[in-house]
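*Asks:* I am sharing upload_39.cif, which consists of mmCIF, C-alpha atoms:
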```cif
data_structure
#
loop_
_atom_site.group_PDB
_atom_site.id
_atom_site.type_symbol
_atom_site.label_atom_id
_atom_site.label_comp_id
_atom_site.auth_asym_id
_atom_site.auth_seq_id
_atom_site.Cartn_x
_atom_site.Cartn_y
_atom_site.Cartn_z
ATOM 1 C CA MET A 17 -112.879 -84.538 138.056
ATOM 2 C CA GLN A 18 -109.969 -86.701 139.162
ATOM 3 C CA ALA A 19 -109.615 -87.541 142.844
ATOM 4 C CA VAL A 20 -107.458 -89.851 144.934
ATOM 5 C CA GLU A 21 -109.733 -92.490 146.403
ATOM 6 C CA ILE A 22 -109.254 -94.958 149.257
ATOM 7 C CA THR A 23 -110.334 -98.135 147.473
ATOM 8 C CA ALA A 24 -110.114 -100.221 150.671
ATOM 9 C CA PHE A 25 -108.555 -99.782 154.096
ATOM 10 C CA GLY A 26 -104.932 -100.855 154.075
ATOM 11 C CA ALA A 27 -101.408 -100.107 152.831
ATOM 12 C CA PRO A 28 -100.566 -97.059 150.695
ATOM 13 C CA ASP A 29 -101.282 -98.893 147.443
ATOM 14 C CA VAL A 30 -105.024 -98.753 148.182
ATOM 15 C CA LEU A 31 -104.859 -95.093 147.067
ATOM 16 C CA ARG A 32 -105.892 -94.822 143.409
ATOM 17 C CA LEU A 33 -106.883 -92.026 141.056
ATOM 18 C CA GLY A 34 -110.577 -92.213 140.225
ATOM 19 C CA GLU A 35 -113.331 -90.117 138.704
ATOM 20 C CA ARG A 36 -115.762 -88.238 140.925
ATOM 21 C CA PRO A 37 -118.523 -85.709 140.281
ATOM 22 C CA MET A 38 -117.381 -82.129 140.752
ATOM 23 C CA PRO A 39 -118.549 -80.790 144.128
ATOM 24 C CA VAL A 40 -120.923 -77.838 144.331
ATOM 25 C CA ALA A 41 -120.461 -74.959 146.767
ATOM 26 C CA GLY A 42 -123.383 -74.210 149.055
ATOM 27 C CA ALA A 43 -124.216 -71.355 151.398
ATOM 28 C CA ALA A 44 -121.115 -69.746 152.953
ATOM 29 C CA GLU A 45 -118.891 -71.988 150.796
ATOM 30 C CA LEU A 46 -116.663 -71.575 147.768
ATOM 31 C CA LEU A 47 -115.283 -73.892 145.083
ATOM 32 C CA ILE A 48 -111.519 -74.071 144.616
ATOM 33 C CA ARG A 49 -109.755 -75.254 141.484
ATOM 34 C CA VAL A 50 -107.012 -77.131 143.308
ATOM 35 C CA SER A 51 -103.363 -76.789 142.328
ATOM 36 C CA ALA A 52 -101.868 -78.596 145.311
ATOM 37 C CA SER A 53 -103.026 -80.739 148.243
ATOM 38 C CA GLY A 54 -101.189 -81.139 151.538
ATOM 39 C CA VAL A 55 -100.524 -84.624 152.925
ATOM 40 C CA ASN A 56 -100.973 -85.142 156.664
ATOM 41 C CA ARG A 57 -100.820 -87.900 159.246
ATOM 42 C CA PRO A 58 -104.628 -87.985 159.630
ATOM 43 C CA ASP A 59 -104.831 -88.910 155.934
ATOM 44 C CA VAL A 60 -102.741 -91.996 156.712
ATOM 45 C CA LEU A 61 -105.006 -92.864 159.631
ATOM 46 C CA GLN A 62 -108.082 -92.471 157.429
ATOM 47 C CA ARG A 63 -106.514 -94.735 154.799
ATOM 48 C CA THR A 64 -105.922 -97.462 157.385
ATOM 49 C CA GLY A 65 -109.461 -97.191 158.768
ATOM 50 C CA ASN A 66 -108.430 -95.517 162.029
ATOM 51 C CA TYR A 67 -109.854 -92.030 161.497
ATOM 52 C CA PRO A 68 -113.566 -92.038 160.615
ATOM 53 C CA VAL A 69 -114.818 -89.313 158.299
ATOM 54 C CA PRO A 70 -116.948 -86.758 160.183
ATOM 55 C CA PRO A 71 -120.652 -86.719 159.278
ATOM 56 C CA GLY A 72 -121.230 -84.732 156.114
ATOM 57 C CA ALA A 73 -117.583 -84.629 155.025
ATOM 58 C CA SER A 74 -116.260 -86.075 151.784
ATOM 59 C CA ASP A 75 -114.791 -89.580 151.937
ATOM 60 C CA ILE A 76 -111.971 -88.371 149.669
ATOM 61 C CA PRO A 77 -108.902 -87.856 151.874
ATOM 62 C CA GLY A 78 -107.120 -84.541 152.216
ATOM 63 C CA LEU A 79 -107.490 -81.763 154.781
ATOM 64 C CA GLU A 80 -105.800 -78.818 153.060
ATOM 65 C CA VAL A 81 -105.613 -77.368 149.562
ATOM 66 C CA ALA A 82 -104.392 -74.356 147.634
ATOM 67 C CA GLY A 83 -105.662 -73.004 144.348
ATOM 68 C CA VAL A 84 -107.966 -70.465 142.733
ATOM 69 C CA ILE A 85 -111.535 -69.566 143.705
ATOM 70 C CA GLU A 86 -113.794 -70.673 140.851
ATOM 71 C CA SER A 87 -117.214 -69.801 142.303
ATOM 72 C CA GLY A 88 -119.100 -69.556 145.569
ATOM 73 C CA ASP A 89 -121.379 -67.603 147.876
ATOM 74 C CA ALA A 90 -120.730 -64.054 146.683
ATOM 75 C CA VAL A 91 -122.036 -62.394 149.852
ATOM 76 C CA ALA A 92 -119.943 -64.570 152.157
ATOM 77 C CA MET A 93 -116.866 -64.116 149.985
ATOM 78 C CA SER A 94 -117.281 -60.347 149.895
ATOM 79 C CA ALA A 95 -117.589 -60.221 153.676
ATOM 80 C CA ALA A 96 -114.323 -62.171 153.916
ATOM 81 C CA GLY A 97 -112.559 -59.926 151.393
ATOM 82 C CA LEU A 98 -112.373 -62.690 148.785
ATOM 83 C CA LYS A 99 -113.564 -62.931 145.182
ATOM 84 C CA VAL A 100 -113.570 -65.292 142.212
ATOM 85 C CA GLY A 101 -110.056 -65.595 140.810
ATOM 86 C CA ASP A 102 -108.266 -65.081 144.135
ATOM 87 C CA ARG A 103 -105.569 -67.538 145.158
ATOM 88 C CA VAL A 104 -106.393 -69.110 148.509
ATOM 89 C CA CYS A 105 -105.416 -71.959 150.772
ATOM 90 C CA ALA A 106 -108.048 -73.695 152.857
ATOM 91 C CA LEU A 107 -108.578 -76.128 155.690
ATOM 92 C CA VAL A 108 -111.250 -78.693 154.818
ATOM 93 C CA ALA A 109 -112.817 -81.658 156.622
ATOM 94 C CA GLY A 110 -112.148 -83.922 153.640
ATOM 95 C CA GLY A 111 -112.026 -83.890 149.856
ATOM 96 C CA GLY A 112 -108.623 -82.274 149.504
ATOM 97 C CA TYR A 113 -107.034 -84.936 147.271
ATOM 98 C CA ALA A 114 -109.011 -83.793 144.230
ATOM 99 C CA GLN A 115 -108.889 -81.348 141.331
ATOM 100 C CA TRP A 116 -111.808 -79.390 142.778
ATOM 101 C CA CYS A 117 -112.715 -78.909 146.416
ATOM 102 C CA VAL A 118 -115.436 -77.078 148.329
ATOM 103 C CA ALA A 119 -114.385 -75.167 151.444
ATOM 104 C CA PRO A 120 -116.223 -73.000 153.971
ATOM 105 C CA VAL A 121 -115.409 -69.365 153.232
ATOM 106 C CA GLY A 122 -114.362 -68.835 156.857
ATOM 107 C CA GLN A 123 -111.704 -71.549 156.582
ATOM 108 C CA CYS A 124 -110.001 -69.951 153.575
ATOM 109 C CA LEU A 125 -107.007 -67.646 153.744
ATOM 110 C CA PRO A 126 -105.294 -65.665 150.979
ATOM 111 C CA VAL A 127 -102.047 -67.153 149.714
ATOM 112 C CA PRO A 128 -99.305 -65.024 151.295
ATOM 113 C CA ASP A 129 -97.377 -62.841 148.856
ATOM 114 C CA GLY A 130 -94.349 -64.582 147.443
ATOM 115 C CA LEU A 131 -95.592 -68.136 148.025
ATOM 116 C CA ASP A 132 -96.587 -70.531 145.260
ATOM 117 C CA ASP A 133 -99.502 -72.925 145.611
ATOM 118 C CA ILE A 134 -97.248 -75.818 146.640
ATOM 119 C CA ALA A 135 -96.004 -73.844 149.646
ATOM 120 C CA ALA A 136 -99.493 -72.525 150.390
ATOM 121 C CA ALA A 137 -100.993 -76.032 150.414
ATOM 122 C CA SER A 138 -98.561 -76.985 153.181
ATOM 123 C CA LEU A 139 -99.917 -74.344 155.563
ATOM 124 C CA PRO A 140 -103.529 -74.801 156.735
ATOM 125 C CA GLU A 141 -103.611 -78.114 158.621
ATOM 126 C CA THR A 142 -100.486 -77.528 160.691
ATOM 127 C CA PHE A 143 -100.972 -73.784 161.186
ATOM 128 C CA PHE A 144 -104.591 -74.169 162.339
ATOM 129 C CA THR A 145 -103.566 -77.078 164.607
ATOM 130 C CA VAL A 146 -100.588 -75.318 166.173
ATOM 131 C CA TRP A 147 -102.455 -72.080 166.777
ATOM 132 C CA SER A 148 -105.440 -73.846 168.320
ATOM 133 C CA ASN A 149 -103.400 -76.102 170.571
ATOM 134 C CA VAL A 150 -100.216 -74.234 171.455
ATOM 135 C CA PHE A 151 -101.604 -70.715 171.695
ATOM 136 C CA ASP A 152 -105.314 -71.142 172.456
ATOM 137 C CA ARG A 153 -105.369 -74.308 174.580
ATOM 138 C CA GLY A 154 -101.729 -74.198 175.726
ATOM 139 C CA ARG A 155 -101.764 -70.405 176.278
ATOM 140 C CA LEU A 156 -98.097 -70.091 175.318
ATOM 141 C CA GLN A 157 -96.830 -66.572 175.998
ATOM 142 C CA ALA A 158 -93.743 -64.655 174.903
ATOM 143 C CA GLY A 159 -90.880 -65.450 177.263
ATOM 144 C CA GLU A 160 -92.181 -68.933 178.090
ATOM 145 C CA THR A 161 -90.605 -72.219 176.980
ATOM 146 C CA LEU A 162 -92.254 -74.753 174.647
ATOM 147 C CA LEU A 163 -91.184 -78.394 174.288
ATOM 148 C CA VAL A 164 -92.105 -79.738 170.836
ATOM 149 C CA GLN A 165 -92.096 -83.505 170.424
ATOM 150 C CA GLY A 166 -91.254 -84.534 166.861
ATOM 151 C CA GLY A 167 -89.710 -81.257 165.804
ATOM 152 C CA THR A 168 -89.235 -82.195 162.146
ATOM 153 C CA SER A 169 -92.828 -83.343 161.528
ATOM 154 C CA GLY A 170 -95.162 -81.006 159.681
ATOM 155 C CA ILE A 171 -96.611 -79.931 163.020
ATOM 156 C CA GLY A 172 -93.145 -79.661 164.540
ATOM 157 C CA VAL A 173 -91.595 -77.357 161.955
ATOM 158 C CA THR A 174 -94.636 -75.092 162.223
ATOM 159 C CA ALA A 175 -94.651 -75.046 166.028
ATOM 160 C CA ILE A 176 -90.938 -74.246 166.236
ATOM 161 C CA GLN A 177 -91.162 -71.314 163.861
ATOM 162 C CA MET A 178 -94.432 -69.906 165.144
ATOM 163 C CA ALA A 179 -93.414 -70.068 168.800
ATOM 164 C CA LYS A 180 -90.041 -68.446 168.108
ATOM 165 C CA ALA A 181 -91.552 -65.708 165.959
ATOM 166 C CA LEU A 182 -93.992 -64.881 168.751
ATOM 167 C CA GLY A 183 -91.299 -64.618 171.404
ATOM 168 C CA ALA A 184 -91.088 -68.032 173.090
ATOM 169 C CA ARG A 185 -88.078 -70.225 173.764
ATOM 170 C CA VAL A 186 -88.242 -73.624 172.020
ATOM 171 C CA ILE A 187 -86.815 -77.034 172.841
ATOM 172 C CA ALA A 188 -87.486 -79.700 170.215
ATOM 173 C CA THR A 189 -86.995 -83.450 170.135
ATOM 174 C CA ALA A 190 -86.149 -85.469 167.022
ATOM 175 C CA GLY A 191 -84.977 -88.973 166.186
ATOM 176 C CA SER A 192 -81.553 -88.302 164.646
ATOM 177 C CA ASP A 193 -78.684 -85.846 164.831
ATOM 178 C CA ASP A 194 -79.521 -84.617 161.315
ATOM 179 C CA LYS A 195 -83.113 -83.955 162.328
ATOM 180 C CA CYS A 196 -81.924 -82.154 165.462
ATOM 181 C CA ALA A 197 -79.725 -79.966 163.259
ATOM 182 C CA ALA A 198 -82.780 -79.193 161.120
ATOM 183 C CA CYS A 199 -84.722 -78.124 164.234
ATOM 184 C CA LEU A 200 -81.927 -75.744 165.213
ATOM 185 C CA LYS A 201 -81.818 -74.316 161.690
ATOM 186 C CA LEU A 202 -85.553 -73.627 161.930
ATOM 187 C CA GLY A 203 -84.965 -71.606 165.094
ATOM 188 C CA ALA A 204 -85.211 -74.032 168.003
ATOM 189 C CA ASP A 205 -82.997 -72.965 170.897
ATOM 190 C CA HIS A 206 -82.137 -76.578 171.704
ATOM 191 C CA ALA A 207 -82.756 -79.958 170.077
ATOM 192 C CA ILE A 208 -82.688 -83.329 171.835
ATOM 193 C CA ASN A 209 -82.076 -86.633 170.042
ATOM 194 C CA TYR A 210 -84.604 -88.775 171.873
ATOM 195 C CA LYS A 211 -82.935 -91.965 170.642
ATOM 196 C CA THR A 212 -79.626 -91.167 172.353
ATOM 197 C CA GLN A 213 -80.714 -88.856 175.190
ATOM 198 C CA ASP A 214 -83.288 -88.976 177.965
ATOM 199 C CA PHE A 215 -85.394 -85.946 177.092
ATOM 200 C CA VAL A 216 -86.572 -85.578 180.706
ATOM 201 C CA ALA A 217 -83.005 -85.233 181.970
ATOM 202 C CA ALA A 218 -82.060 -83.005 179.048
ATOM 203 C CA VAL A 219 -85.001 -80.655 179.677
ATOM 204 C CA ALA A 220 -84.114 -80.446 183.360
ATOM 205 C CA GLU A 221 -80.562 -79.482 182.463
ATOM 206 C CA LEU A 222 -81.557 -76.972 179.786
ATOM 207 C CA THR A 223 -84.046 -75.233 182.089
ATOM 208 C CA ALA A 224 -81.888 -75.359 185.242
ATOM 209 C CA GLY A 225 -84.455 -77.661 186.804
ATOM 210 C CA GLN A 226 -87.360 -75.274 186.262
ATOM 211 C CA GLY A 227 -89.072 -77.211 183.470
ATOM 212 C CA VAL A 228 -90.989 -75.995 180.428
ATOM 213 C CA ASN A 229 -94.276 -74.113 180.373
ATOM 214 C CA VAL A 230 -95.962 -75.984 177.532
ATOM 215 C CA VAL A 231 -95.447 -79.404 175.937
ATOM 216 C CA LEU A 232 -96.879 -80.187 172.493
ATOM 217 C CA ASP A 233 -97.247 -83.964 172.361
ATOM 218 C CA MET A 234 -98.068 -86.151 169.353
ATOM 219 C CA VAL A 235 -97.108 -89.429 171.037
ATOM 220 C CA ALA A 236 -99.145 -89.871 174.256
ATOM 221 C CA GLY A 237 -98.791 -93.400 175.738
ATOM 222 C CA ASP A 238 -95.834 -93.650 178.086
ATOM 223 C CA TYR A 239 -94.605 -90.208 177.022
ATOM 224 C CA VAL A 240 -97.280 -88.546 179.155
ATOM 225 C CA ALA A 241 -95.686 -89.505 182.474
ATOM 226 C CA ARG A 242 -92.293 -88.276 181.304
ATOM 227 C CA GLU A 243 -93.694 -85.034 179.941
ATOM 228 C CA ILE A 244 -95.401 -84.287 183.226
ATOM 229 C CA GLU A 245 -91.965 -84.489 184.839
ATOM 230 C CA CYS A 246 -90.762 -81.883 182.321
ATOM 231 C CA LEU A 247 -93.414 -79.299 183.184
ATOM 232 C CA ALA A 248 -92.816 -76.227 185.301
ATOM 233 C CA GLU A 249 -95.330 -75.059 187.875
ATOM 234 C CA ASP A 250 -98.643 -74.174 186.190
ATOM 235 C CA GLY A 251 -97.383 -75.968 183.069
ATOM 236 C CA ARG A 252 -99.667 -77.197 180.295
ATOM 237 C CA LEU A 253 -99.442 -80.502 178.423
ATOM 238 C CA VAL A 254 -101.327 -80.489 175.112
ATOM 239 C CA ILE A 255 -101.897 -83.856 173.399
ATOM 240 C CA ILE A 256 -102.826 -83.779 169.713
ATOM 241 C CA ALA A 257 -102.157 -87.391 168.625
ATOM 242 C CA VAL A 258 -101.738 -90.816 170.185
ATOM 243 C CA GLN A 259 -99.050 -92.491 168.073
ATOM 244 C CA GLY A 260 -97.670 -94.127 171.213
ATOM 245 C CA GLY A 261 -101.016 -95.451 172.449
ATOM 246 C CA VAL A 262 -104.152 -94.169 174.142
ATOM 247 C CA LYS A 263 -103.382 -95.314 177.684
ATOM 248 C CA ALA A 264 -101.053 -93.415 179.984
ATOM 249 C CA GLY A 265 -100.094 -93.762 183.648
ATOM 250 C CA PHE A 266 -98.552 -90.768 185.415
ATOM 251 C CA ASN A 267 -97.737 -89.290 188.791
ATOM 252 C CA ALA A 268 -100.954 -87.497 189.746
ATOM 253 C CA GLY A 269 -99.157 -86.033 192.743
ATOM 254 C CA LEU A 270 -97.001 -83.942 190.408
ATOM 255 C CA VAL A 271 -100.131 -82.672 188.687
ATOM 256 C CA LEU A 272 -101.493 -81.508 192.029
ATOM 257 C CA ARG A 273 -98.300 -80.048 193.450
ATOM 258 C CA ARG A 274 -97.313 -78.196 190.283
ATOM 259 C CA ARG A 275 -100.889 -77.195 189.349
ATOM 260 C CA LEU A 276 -100.553 -78.753 185.916
ATOM 261 C CA THR A 277 -103.084 -78.820 183.091
ATOM 262 C CA ILE A 278 -103.424 -81.824 180.775
ATOM 263 C CA THR A 279 -105.532 -81.117 177.711
ATOM 264 C CA GLY A 280 -105.873 -82.123 174.091
ATOM 265 C CA SER A 281 -108.009 -81.782 171.019
ATOM 266 C CA THR A 282 -108.778 -82.946 167.506
ATOM 267 C CA LEU A 283 -109.536 -80.291 164.918
ATOM 268 C CA ARG A 284 -111.298 -82.106 162.091
ATOM 269 C CA PRO A 285 -114.753 -82.589 163.697
ATOM 270 C CA ARG A 286 -114.967 -79.072 165.162
ATOM 271 C CA PRO A 287 -117.641 -76.727 163.727
ATOM 272 C CA VAL A 288 -116.945 -74.229 160.960
ATOM 273 C CA ALA A 289 -117.333 -71.267 163.327
ATOM 274 C CA PHE A 290 -114.567 -72.628 165.555
ATOM 275 C CA LYS A 291 -112.180 -73.068 162.615
ATOM 276 C CA ALA A 292 -113.133 -69.692 161.181
ATOM 277 C CA ALA A 293 -112.100 -68.055 164.459
ATOM 278 C CA ILE A 294 -108.705 -69.754 164.193
ATOM 279 C CA ALA A 295 -108.402 -68.529 160.592
ATOM 280 C CA ALA A 296 -109.081 -64.972 161.751
ATOM 281 C CA SER A 297 -106.373 -65.237 164.412
ATOM 282 C CA LEU A 298 -103.901 -66.631 161.887
ATOM 283 C CA ARG A 299 -104.648 -63.883 159.398
ATOM 284 C CA ALA A 300 -104.095 -61.211 162.040
ATOM 285 C CA ARG A 301 -101.131 -62.658 163.935
ATOM 286 C CA VAL A 302 -99.312 -65.160 161.723
ATOM 287 C CA TRP A 303 -99.940 -64.279 158.067
ATOM 288 C CA PRO A 304 -97.871 -61.066 158.416
ATOM 289 C CA LEU A 305 -94.978 -63.240 159.627
ATOM 290 C CA LEU A 306 -95.300 -65.399 156.504
ATOM 291 C CA GLN A 307 -95.429 -62.264 154.352
ATOM 292 C CA SER A 308 -92.242 -60.951 155.943
ATOM 293 C CA GLY A 309 -90.438 -64.295 155.755
ATOM 294 C CA SER A 310 -90.117 -64.607 159.544
ATOM 295 C CA ILE A 311 -91.946 -67.931 159.166
ATOM 296 C CA GLN A 312 -91.378 -70.044 156.066
ATOM 297 C CA PRO A 313 -93.147 -73.153 154.760
ATOM 298 C CA VAL A 314 -91.017 -76.296 154.912
ATOM 299 C CA VAL A 315 -91.869 -78.621 152.032
ATOM 300 C CA HIS A 316 -89.795 -81.797 151.967
ATOM 301 C CA ARG A 317 -91.055 -83.244 148.685
ATOM 302 C CA VAL A 318 -93.751 -82.762 146.060
ATOM 303 C CA PHE A 319 -95.452 -85.745 144.390
ATOM 304 C CA PRO A 320 -97.775 -85.822 141.389
ATOM 305 C CA ALA A 321 -101.275 -86.570 142.666
ATOM 306 C CA SER A 322 -101.096 -89.916 140.869
ATOM 307 C CA GLU A 323 -98.273 -90.869 143.271
ATOM 308 C CA ALA A 324 -100.209 -90.274 146.496
ATOM 309 C CA ALA A 325 -99.315 -93.811 147.585
ATOM 310 C CA LEU A 326 -95.612 -92.941 147.450
ATOM 311 C CA ALA A 327 -96.256 -89.830 149.535
ATOM 312 C CA HIS A 328 -97.983 -91.952 152.182
ATOM 313 C CA THR A 329 -95.132 -94.467 152.119
ATOM 314 C CA LEU A 330 -92.625 -91.690 152.771
ATOM 315 C CA MET A 331 -94.761 -90.242 155.567
ATOM 316 C CA GLU A 332 -94.967 -93.623 157.291
ATOM 317 C CA SER A 333 -91.179 -94.017 157.041
ATOM 318 C CA ASN A 334 -90.708 -90.857 159.147
ATOM 319 C CA GLN A 335 -87.744 -89.908 156.987
ATOM 320 C CA HIS A 336 -89.113 -86.531 155.916
ATOM 321 C CA ILE A 337 -88.492 -83.083 157.410
ATOM 322 C CA GLY A 338 -91.535 -80.846 157.057
ATOM 323 C CA LYS A 339 -94.486 -81.284 154.742
ATOM 324 C CA LEU A 340 -95.338 -83.527 151.790
ATOM 325 C CA VAL A 341 -97.520 -82.094 149.034
ATOM 326 C CA LEU A 342 -99.428 -83.476 146.043
ATOM 327 C CA SER A 343 -99.438 -81.460 142.810
ATOM 328 C CA TRP A 344 -102.318 -81.423 140.311
ATOM 329 C CA ALA A 345 -100.313 -79.553 137.658
#
```
Would you mind writing the file's structure down as structure tokens?

*Replies:*
Amino acid sequence: MQAVEITAFGAPDVLRLGERPMPVAGAAELLIRVSASGVNRPDVLQRTGNYPVPPGASDIPGLEVAGVIESGDAVAMSAAGLKVGDRVCALVAGGGYAQWCVAPVGQCLPVPDGLDDIAAASLPETFFTVWSNVFDRGRLQAGETLLVQGGTSGIGVTAIQMAKALGARVIATAGSDDKCAACLKLGADHAINYKTQDFVAAVAELTAGQGVNVVLDMVAGDYVAREIECLAEDGRLVIIAVQGGVKAGFNAGLVLRRRLTITGSTLRPRPVAFKAAIAASLRARVWPLLQSGSIQPVVHRVFPASEAALAHTLMESNQHIGKLVLSWA
């Protein structure tokens, strides 16, 4: 089969199409004939040597795919309501940039009615991540307020829509007026241009000084101290990436006085059972919202798989709104 390989750690041009043996599904796994592969920030980090592959995972990049079930563990598939020939999307620990990919049955979800494989391939990584961090770890409830940093990223567009659909108020930050307009179009109640506004002051004004209940942070670094200032009493800060650096100084007194929680997680190395539980929650709570159109995939651009390097170049430019997808058609 063809697969996009990382030939060396470095710039996007280290990504090249190569030939690999077709993977074989094992117990509780299935084999997908891949139509489309989602592109995510962790793929960029893996390409640059900053995101080690978990033990046992494929060294081929790619954490999400969509396509057709070709074969697999019949008992496990039957228990999950799946069968050969079904269209599915899946979260994987690696191997997604390839024509064939093995996935744990529990990490596969049916393609929602009305969506093509390009749209479906844009779902798993961000939907699993947002559910796990905003709703499980962050405990966001209907009626509460969520601050989303980077509202037009793949994570951001998912968090805005999911939180709104489930009854929360959303404030998003973005780096341009056009991106702020995109956040509002997606359903955010307010959008803050962090390049022209102090988001701490803006949040204080928008919440009448009360602060937000949950912050979803992909920056870390010096953002942490500022986000703590944004939190209401009993607020929760959830860190899912460290684009701004791994070290942060903050006012611990505010944490004590406001009873704040600072947490974070990475999804890729977690066990299959953990991810399968997220998949079950998504299927029950979020997939109906995709079916109804209350939540919609946001795909900025589709690249042929042979142009994976161009997709990574665009991702690193931060000029996109939503997801980037590779097509194997």

*Asks:* What does the structure give for the distance between CA of Val173 in chain A and CA of Ala289 in chain A, in Å to one decimal?

*Replies:* 26.5 Å

*Asks:* Mind pulling up the distance from CA of His328 in chain A to CA of Gly34 in chain A?

*Replies:* 17.4 Å

*Asks:* Could you put an axis-aligned box around every listed atom of range 85-93 of chain A, padded by 3 Å on each side, and send me its centre and edge lengths in Å to one decimal, as JSON?

*Replies:*
```
{"center_x": -116.8, "center_y": -66.5, "center_z": 146.5, "size_x": 16.5, "size_y": 14.3, "size_z": 17.3}
```

*Asks:* As a list in words, please: the residues near Asp238 in chain A (cut-off 12 Å, all atoms listed in the file, same-chain neighbours under 3 positions excluded).

*Replies:* Asp233, Met234, Val235, Ala241, Arg242, Glu243, Ile244, Val258, Gln259, Gly260, Gly261, Val262, Lys263, Ala264, Gly265, Phe266 and Asn267 of chain A

*Asks:* Just to confirm, what's the straight-line distance from CA of Leu47 in chain A to CA of Ser87 in chain A in Å (one decimal)?

*Replies:*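 The value is 5.3 Å.
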
*Asks:* Do a neighbour search on range 165-168 of chain A at 10 Å with all atoms listed in the file, toss out local chain neighbours closer than 4 positions, and write the hits as an MDAnalysis selection string.

*Replies:* chainID A and resid 172:176 186:191 195:200 202 204 207:210 215 231:235 239 243 314 334:339

*Asks:* Mind checking which residues fall within 9 Å of Val118 in chain A, counting only C-alpha atoms, ignoring those fewer than 4 positions away in the same chain, and posting them as a ChimeraX atom specification?

*Replies:* /A:39-42,45-48,88,108,111-112

*Asks:* Expand the PyMOL selection byres ((chain A and resi 343) around 7) into the explicit residue set it covers here, and present it as a ChimeraX atom specification.

*Replies:* /A:51-53,318-321,341-342,344-345

*Asks:* Identify which of the residues A:Phe151, A:Gly309, A:Met178, A:Glu160 lies closest to Leu247 in chain A, counting only C-alpha atoms when measuring atom-to-atom distances.

*Replies:*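 Closest to Leu247 in chain A of all the choices is A:Glu160.
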
*Asks:* For Asp59 in chain A, which of A:Leu253, A:Cys246, A:Leu306, A:Leu340 is the closest residue, counting only C-alpha atoms?

*Replies:*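 Closest to Asp59 in chain A of all the choices is A:Leu340.
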
*Asks:* Point out the residue among A:Pro68, A:Pro287, A:Gly251, A:Pro120 with the least atom-to-atom distance to Gly227 in chain A, counting all atoms listed in the file.

*Replies:*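 For Gly227 in chain A, the nearest of the candidates is A:Gly251.
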
*Asks:* Could you pull range 316-320 of chain A out of the block above and give me all heavy atoms, as a compact mmCIF listing (two decimals), in the first residue's frame?

*Replies:*
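Printed below is out-v4.txt as written:
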```
# COMPACT_ATOMS: atom_id res chain seq x y z
N HIS A 316 -11.35 23.11 5.93
CA HIS A 316 -10.80 24.28 5.25
C HIS A 316 -10.30 23.93 3.86
O HIS A 316 -10.56 24.67 2.88
CB HIS A 316 -9.66 24.88 6.08
CG HIS A 316 -9.03 26.10 5.48
ND1 HIS A 316 -9.54 27.37 5.66
CD2 HIS A 316 -7.93 26.25 4.68
CE1 HIS A 316 -8.80 28.24 5.02
NE2 HIS A 316 -7.81 27.60 4.41
N ARG A 317 -9.58 22.80 3.74
CA ARG A 317 -9.01 22.45 2.45
C ARG A 317 -8.68 20.95 2.42
O ARG A 317 -8.32 20.37 3.44
CB ARG A 317 -7.75 23.27 2.18
CG ARG A 317 -7.15 23.07 0.78
CD ARG A 317 -6.05 24.06 0.50
NE ARG A 317 -5.30 23.68 -0.70
CZ ARG A 317 -4.21 24.31 -1.14
NH1 ARG A 317 -3.76 25.37 -0.49
NH2 ARG A 317 -3.59 23.89 -2.22
N VAL A 318 -8.82 20.38 1.25
CA VAL A 318 -8.50 18.97 1.01
C VAL A 318 -7.29 18.89 0.09
O VAL A 318 -7.23 19.59 -0.94
CB VAL A 318 -9.69 18.23 0.38
CG1 VAL A 318 -9.34 16.75 0.18
CG2 VAL A 318 -10.93 18.37 1.24
N PHE A 319 -6.32 18.07 0.45
CA PHE A 319 -5.11 17.86 -0.35
C PHE A 319 -5.05 16.41 -0.80
O PHE A 319 -5.41 15.51 -0.04
CB PHE A 319 -3.85 18.14 0.48
CG PHE A 319 -3.66 19.56 0.90
CD1 PHE A 319 -4.31 20.05 2.04
CD2 PHE A 319 -2.84 20.42 0.18
CE1 PHE A 319 -4.12 21.36 2.45
CE2 PHE A 319 -2.65 21.73 0.59
CZ PHE A 319 -3.29 22.20 1.72
N PRO A 320 -4.55 16.13 -2.02
CA PRO A 320 -4.21 14.75 -2.34
C PRO A 320 -3.17 14.26 -1.33
O PRO A 320 -2.34 15.04 -0.85
CB PRO A 320 -3.61 14.85 -3.74
CG PRO A 320 -4.03 16.17 -4.29
CD PRO A 320 -4.20 17.07 -3.10
```
